[in-house]
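Engineer: Here it is, the structure, as structure tokens.
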Amino acid sequence: MEPSRTSQIVALMRAELDRPSTSLGDPEAQRKLCSGMRPARAALRWSGITARTRFFDEQVLMAVATGLDQIVICGAGYDDRALRFRAPGVRFFELDQATTQADKARRLRKMGANMDNLTLIPVDFRQDDTTKLLYDSGHSASQHTLFVCEGLLAYLDQGAISRLLIGLRSIASPRSTLAASLALRRQREDLSQTVSTVNARRLTGRTEPWVTILSASEYARLLGRSGWDVGSTTEGGSNSSRLMLVTARPTIPRR
């Protein structure tokens, strides 16, 4: 299996954006991570990547500013935030498929990156116990965490999404936050037809297909059943690839 081409394309697009960084962070980290990657065709640039990147950058910066100790990035790909937003006492855990993680580790070594605050965890979200992998890697359920699922959940079926979100909830302290991007369809659209249409228009639709594209209300129910209370939601993207950006907090059991 090759490293994720979709993750590379997203990283290449991010490398062209004007983005913030912390005082200890490396504002050139994304460009360095992308060194030698095969360029993406200009026609494939997705307008939603700018808004999506800005949203998750803001979530990470807010987590750092408010004292969250841990940031877990599920489906990290070539995410540069552990380097760009380095801050004292903040530890990043990145999870993705083994081949992508191995390639990223090689690139980090080549650029001489300081990885003291970063742990790379190979994972198959369809089969592996994510919570055990995080525990074994040093994540603490008693410390506040920002859980990031950017561009991941569309690739998983609803059962795998539910298992992942329930697992993250089980290790989330009360002040923890989930931030996720969701592939969105209109309420009356047929799911299978929508998935087929969207994948036909994506460069990697055959090799890395989207599986789950739900309505806003369906996502709210899925998150609720998985132990998360939806806070803010923002919708955007094109007609053929609509996007919802969500934040949620752990559900507090009623007494």
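The way I read the labels, and the way they are meant: chains A, B, ... in the order of the structure tokens, residue 1 as the first residue of every chain, and ligand 1 as the first ligand shown, with later ones counted on from there.
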Can you list, as a list of chain:residue names, every protein, DNA or RNA residue that comes within 10 Å of segment 169-172 of chain A when you count only C-alpha atoms, leaving out same-chain residues fewer than 5 positions away?
Structural biologist: A:Thr131, A:Lys132, A:Leu134, A:Tyr135, A:His139, A:Ser140, A:Ala141, A:Ser142, A:Gln143, A:His144, A:Thr145, A:Leu146, A:Phe147, A:Arg163, A:Leu164, A:Thr177, A:Leu178, A:Ser226, A:Gly227, A:Trp228, A:Arg249, A:Pro250, A:Thr251
Engineer: Can you spit out the residues from that selection as a short mmCIF file (atom, residue, chain, number, x, y, z; two decimals), in the first residue's frame, using C-alpha atoms?
Structural biologist:
data_model
loop_
_atom_site.label_atom_id
_atom_site.label_comp_id
_atom_site.auth_asym_id
_atom_site.auth_seq_id
_atom_site.Cartn_x
_atom_site.Cartn_y
_atom_site.Cartn_z
CA THR A 131 -8.31 4.13 22.59
CA LYS A 132 -5.88 1.32 23.45
CA LEU A 134 -3.59 6.09 22.48
CA TYR A 135 -3.28 4.70 26.02
CA HIS A 139 -2.34 9.68 26.22
CA SER A 140 -3.96 10.46 29.58
CA ALA A 141 -7.74 10.34 29.93
CA SER A 142 -7.53 12.66 32.94
CA GLN A 143 -5.97 15.50 30.94
CA HIS A 144 -7.99 17.80 28.72
CA THR A 145 -7.81 16.94 25.02
CA LEU A 146 -8.75 18.38 21.66
CA PHE A 147 -9.76 15.51 19.36
CA ARG A 163 -16.88 3.03 17.35
CA LEU A 164 -14.24 5.73 16.94
CA THR A 177 -13.50 19.04 22.69
CA LEU A 178 -14.14 17.18 19.45
CA SER A 226 -21.75 8.29 20.45
CA GLY A 227 -21.65 10.48 23.55
CA TRP A 228 -21.05 13.93 22.08
CA ARG A 249 -18.32 18.34 23.97
CA PRO A 250 -18.60 15.07 25.91
CA THR A 251 -22.15 14.35 26.99
#
Engineer: Would you list, as a JSON list (two decimals) with N, CA and C atoms, in the first residue's frame, the residues of segment 63-174 of chain A that end up in alpha helix (DSSP H) under DSSP run on this structure's backbone?
Structural biologist:
[["chain", "number", "residue", "atom", "x", "y", "z"],
["A", 63, "ALA", "N", -7.21, 25.65, 21.68],
["A", 63, "ALA", "CA", -6.85, 24.62, 22.65],
["A", 63, "ALA", "C", -5.56, 24.99, 23.37],
["A", 64, "VAL", "N", -4.58, 25.45, 22.61],
["A", 64, "VAL", "CA", -3.30, 25.86, 23.20],
["A", 64, "VAL", "C", -3.50, 27.03, 24.15],
["A", 65, "ALA", "N", -4.31, 28.00, 23.73],
["A", 65, "ALA", "CA", -4.51, 29.22, 24.53],
["A", 65, "ALA", "C", -5.28, 28.95, 25.81],
["A", 81, "ARG", "N", 0.57, 20.68, 12.19],
["A", 81, "ARG", "CA", 0.22, 21.53, 13.33],
["A", 81, "ARG", "C", 1.08, 21.27, 14.57],
["A", 82, "ALA", "N", 1.57, 20.05, 14.75],
["A", 82, "ALA", "CA", 2.45, 19.78, 15.88],
["A", 82, "ALA", "C", 3.73, 20.60, 15.79],
["A", 83, "LEU", "N", 4.14, 20.92, 14.57],
["A", 83, "LEU", "CA", 5.33, 21.74, 14.36],
["A", 83, "LEU", "C", 4.98, 23.22, 14.27],
["A", 84, "ARG", "N", 3.89, 23.55, 13.59],
["A", 84, "ARG", "CA", 3.48, 24.93, 13.39],
["A", 84, "ARG", "C", 2.98, 25.58, 14.68],
["A", 98, "ALA", "N", -0.49, 2.97, 8.39],
["A", 98, "ALA", "CA", 0.93, 2.73, 8.63],
["A", 98, "ALA", "C", 1.82, 3.27, 7.52],
["A", 99, "THR", "N", 1.42, 3.10, 6.25],
["A", 99, "THR", "CA", 2.30, 3.54, 5.16],
["A", 99, "THR", "C", 2.44, 5.06, 5.13],
["A", 100, "THR", "N", 1.35, 5.76, 5.38],
["A", 100, "THR", "CA", 1.42, 7.23, 5.43],
["A", 100, "THR", "C", 2.26, 7.68, 6.61],
["A", 101, "GLN", "N", 2.08, 7.03, 7.76],
["A", 101, "GLN", "CA", 2.86, 7.39, 8.95],
["A", 101, "GLN", "C", 4.35, 7.15, 8.73],
["A", 102, "ALA", "N", 4.69, 6.04, 8.08],
["A", 102, "ALA", "CA", 6.10, 5.74, 7.82],
["A", 102, "ALA", "C", 6.72, 6.80, 6.90],
["A", 103, "ASP", "N", 5.98, 7.21, 5.88],
["A", 103, "ASP", "CA", 6.48, 8.23, 4.97],
["A", 103, "ASP", "C", 6.62, 9.57, 5.67],
["A", 104, "LYS", "N", 5.65, 9.90, 6.52],
["A", 104, "LYS", "CA", 5.73, 11.16, 7.25],
["A", 104, "LYS", "C", 6.91, 11.15, 8.21],
["A", 105, "ALA", "N", 7.13, 10.04, 8.91],
["A", 105, "ALA", "CA", 8.26, 9.93, 9.83],
["A", 105, "ALA", "C", 9.58, 10.13, 9.09],
["A", 106, "ARG", "N", 9.68, 9.55, 7.91],
["A", 106, "ARG", "CA", 10.88, 9.74, 7.10],
["A", 106, "ARG", "C", 11.08, 11.21, 6.74],
["A", 107, "ARG", "N", 10.00, 11.87, 6.36],
["A", 107, "ARG", "CA", 10.09, 13.28, 5.99],
["A", 107, "ARG", "C", 10.46, 14.15, 7.19],
["A", 108, "LEU", "N", 9.90, 13.83, 8.35],
["A", 108, "LEU", "CA", 10.23, 14.58, 9.56],
["A", 108, "LEU", "C", 11.70, 14.44, 9.91],
["A", 109, "ARG", "N", 12.23, 13.22, 9.79],
["A", 109, "ARG", "CA", 13.65, 13.02, 10.06],
["A", 109, "ARG", "C", 14.52, 13.79, 9.07],
["A", 110, "LYS", "N", 14.11, 13.76, 7.79],
["A", 110, "LYS", "CA", 14.89, 14.43, 6.75],
["A", 110, "LYS", "C", 14.96, 15.93, 6.98],
["A", 130, "THR", "N", -8.64, 2.23, 18.83],
["A", 130, "THR", "CA", -7.94, 3.52, 18.87],
["A", 130, "THR", "C", -7.62, 3.93, 20.29],
["A", 131, "THR", "N", -8.54, 3.70, 21.21],
["A", 131, "THR", "CA", -8.31, 4.13, 22.59],
["A", 131, "THR", "C", -7.14, 3.38, 23.21],
["A", 132, "LYS", "N", -7.01, 2.09, 22.92],
["A", 132, "LYS", "CA", -5.88, 1.32, 23.45],
["A", 132, "LYS", "C", -4.57, 1.82, 22.87],
["A", 133, "LEU", "N", -4.57, 2.12, 21.57],
["A", 133, "LEU", "CA", -3.36, 2.63, 20.94],
["A", 133, "LEU", "C", -2.94, 3.96, 21.56],
["A", 134, "LEU", "N", -3.91, 4.82, 21.85],
["A", 134, "LEU", "CA", -3.59, 6.09, 22.48],
["A", 134, "LEU", "C", -3.07, 5.88, 23.90],
["A", 135, "TYR", "N", -3.73, 4.99, 24.65],
["A", 135, "TYR", "CA", -3.28, 4.70, 26.02],
["A", 135, "TYR", "C", -1.85, 4.16, 26.01],
["A", 136, "ASP", "N", -1.58, 3.23, 25.12],
["A", 136, "ASP", "CA", -0.24, 2.64, 25.03],
["A", 136, "ASP", "C", 0.81, 3.65, 24.61],
["A", 158, "GLN", "N", -20.59, 3.97, 8.89],
["A", 158, "GLN", "CA", -21.18, 4.53, 10.11],
["A", 158, "GLN", "C", -20.83, 3.73, 11.35],
["A", 159, "GLY", "N", -20.67, 2.42, 11.20],
["A", 159, "GLY", "CA", -20.27, 1.61, 12.34],
["A", 159, "GLY", "C", -18.89, 1.98, 12.84],
["A", 160, "ALA", "N", -17.95, 2.16, 11.91],
["A", 160, "ALA", "CA", -16.59, 2.53, 12.29],
["A", 160, "ALA", "C", -16.55, 3.93, 12.88],
["A", 161, "ILE", "N", -17.35, 4.84, 12.32],
["A", 161, "ILE", "CA", -17.42, 6.20, 12.88],
["A", 161, "ILE", "C", -17.92, 6.15, 14.31],
["A", 162, "SER", "N", -18.98, 5.40, 14.53],
["A", 162, "SER", "CA", -19.55, 5.30, 15.87],
["A", 162, "SER", "C", -18.56, 4.71, 16.86],
["A", 163, "ARG", "N", -17.87, 3.64, 16.46],
["A", 163, "ARG", "CA", -16.88, 3.03, 17.35],
["A", 163, "ARG", "C", -15.76, 4.00, 17.69],
["A", 164, "LEU", "N", -15.30, 4.75, 16.70],
["A", 164, "LEU", "CA", -14.24, 5.73, 16.94],
["A", 164, "LEU", "C", -14.70, 6.82, 17.90],
["A", 165, "LEU", "N", -15.88, 7.39, 17.64],
["A", 165, "LEU", "CA", -16.37, 8.49, 18.47],
["A", 165, "LEU", "C", -16.68, 8.02, 19.90],
["A", 166, "ILE", "N", -17.25, 6.83, 20.04],
["A", 166, "ILE", "CA", -17.50, 6.28, 21.38],
["A", 166, "ILE", "C", -16.18, 6.06, 22.11],
["A", 167, "GLY", "N", -15.19, 5.55, 21.38],
["A", 167, "GLY", "CA", -13.88, 5.36, 21.99],
["A", 167, "GLY", "C", -13.25, 6.66, 22.44],
["A", 168, "LEU", "N", -13.32, 7.69, 21.62],
["A", 168, "LEU", "CA", -12.76, 8.98, 22.00],
["A", 168, "LEU", "C", -13.50, 9.56, 23.19],
["A", 169, "ARG", "N", -14.83, 9.38, 23.20],
["A", 169, "ARG", "CA", -15.60, 9.87, 24.35],
["A", 169, "ARG", "C", -15.16, 9.18, 25.63],
["A", 170, "SER", "N", -14.81, 7.91, 25.55],
["A", 170, "SER", "CA", -14.45, 7.16, 26.75],
["A", 170, "SER", "C", -13.15, 7.64, 27.38]]
Engineer: For Glu208 of chain A, work out the shell of residues within 8 Å, counting only C-alpha atoms and skipping chain neighbours fewer than 2 positions away, then give it as a list in words.
Structural biologist: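 Neighbouring residues, sequence-local ones excluded: Thr6, Tyr155, Thr204, Gly205, Arg206 and Trp210 of chain A.
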Engineer: Give me every strand (DSSP E) residue in segment 78-215 of chain A, going by DSSP on the backbone, as a list in words.
Structural biologist: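 In segment 78-215 of chain A, DSSP puts these residues in strand (DSSP E): Arg91, Phe92, Phe93, Glu94, Leu95, Asp96, Leu118, Thr119, Leu120, Ile121, Pro122, Thr145, Leu146, Phe147, Val148, Cys149, Thr177, Leu178, Ala179, Ala180, Ser181, Leu182, Ala183 and Leu184 of chain A.
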Engineer: Would you output that residue set with C-alpha atoms, as a short mmCIF file (atom, residue, chain, number, x, y, z; two decimals), in the first residue's frame?
Structural biologist:
data_model
loop_
_atom_site.label_atom_id
_atom_site.label_comp_id
_atom_site.auth_asym_id
_atom_site.auth_seq_id
_atom_site.Cartn_x
_atom_site.Cartn_y
_atom_site.Cartn_z
CA ARG A 91 1.61 17.06 23.29
CA PHE A 92 0.33 15.95 19.89
CA PHE A 93 -0.77 12.41 19.01
CA GLU A 94 -1.27 11.71 15.31
CA LEU A 95 -3.04 8.60 14.02
CA ASP A 96 -3.13 7.38 10.42
CA LEU A 118 4.78 14.49 18.74
CA THR A 119 3.82 10.81 18.75
CA LEU A 120 2.96 9.08 15.46
CA ILE A 121 0.60 6.10 15.84
CA PRO A 122 -0.12 3.71 12.94
CA THR A 145 -7.81 16.94 25.02
CA LEU A 146 -8.75 18.38 21.66
CA PHE A 147 -9.76 15.51 19.36
CA VAL A 148 -9.49 16.42 15.67
CA CYS A 149 -11.15 14.44 12.87
CA THR A 177 -13.50 19.04 22.69
CA LEU A 178 -14.14 17.18 19.45
CA ALA A 179 -13.68 19.07 16.17
CA ALA A 180 -14.71 17.29 12.97
CA SER A 181 -15.33 17.87 9.29
CA LEU A 182 -18.27 15.98 7.81
CA ALA A 183 -19.26 15.32 4.20
CA LEU A 184 -22.79 16.67 3.90
#
Engineer: To one decimal in Å, tell me the separation between atom CA of Arg185 of chain A and atom CA of Ala248 of chain A.
Structural biologist: 20.0 Å
Engineer: So, with only C-alpha atoms as the atoms that count, which of A:Asp190, A:Glu150, A:Glu218, A:Asp80 lies closest to Gly25 of chain A?
Structural biologist: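 Distance minimum relative to Gly25 of chain A lands on A:Asp80.
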Engineer: Please indicate the distance in Å from atom CA of Gln70 of chain A to atom CA of Thr212 of chain A, rounded to one decimal place.
Structural biologist: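 Computing it gives 27.9 Å between the two atoms.
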Engineer: I need the residue nearest Gly89 of chain A from this list: A:Pro27, A:Gly75, A:Pro39, A:Gly67. Use only C-alpha atoms for the distance.
Structural biologist: A:Gly67
Engineer: From the set A:Ser21, A:Gln193, A:Ser173, A:Gln59, which residue has the shortest atom-to-atom contact distance to Leu245 of chain A, counting only C-alpha atoms?
Structural biologist: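 Closest to Leu245 of chain A of all the choices is A:Gln59.
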Engineer: So that I can see what lies close to Arg186 of chain A, please list as a list in words the residues with an atom at most 8 Å from it, counting only C-alpha atoms and leaving out residues fewer than 3 positions away in the same chain.
Structural biologist: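 So the residues in contact are Glu189, Leu214, Ser215 and Ala216 of chain A.
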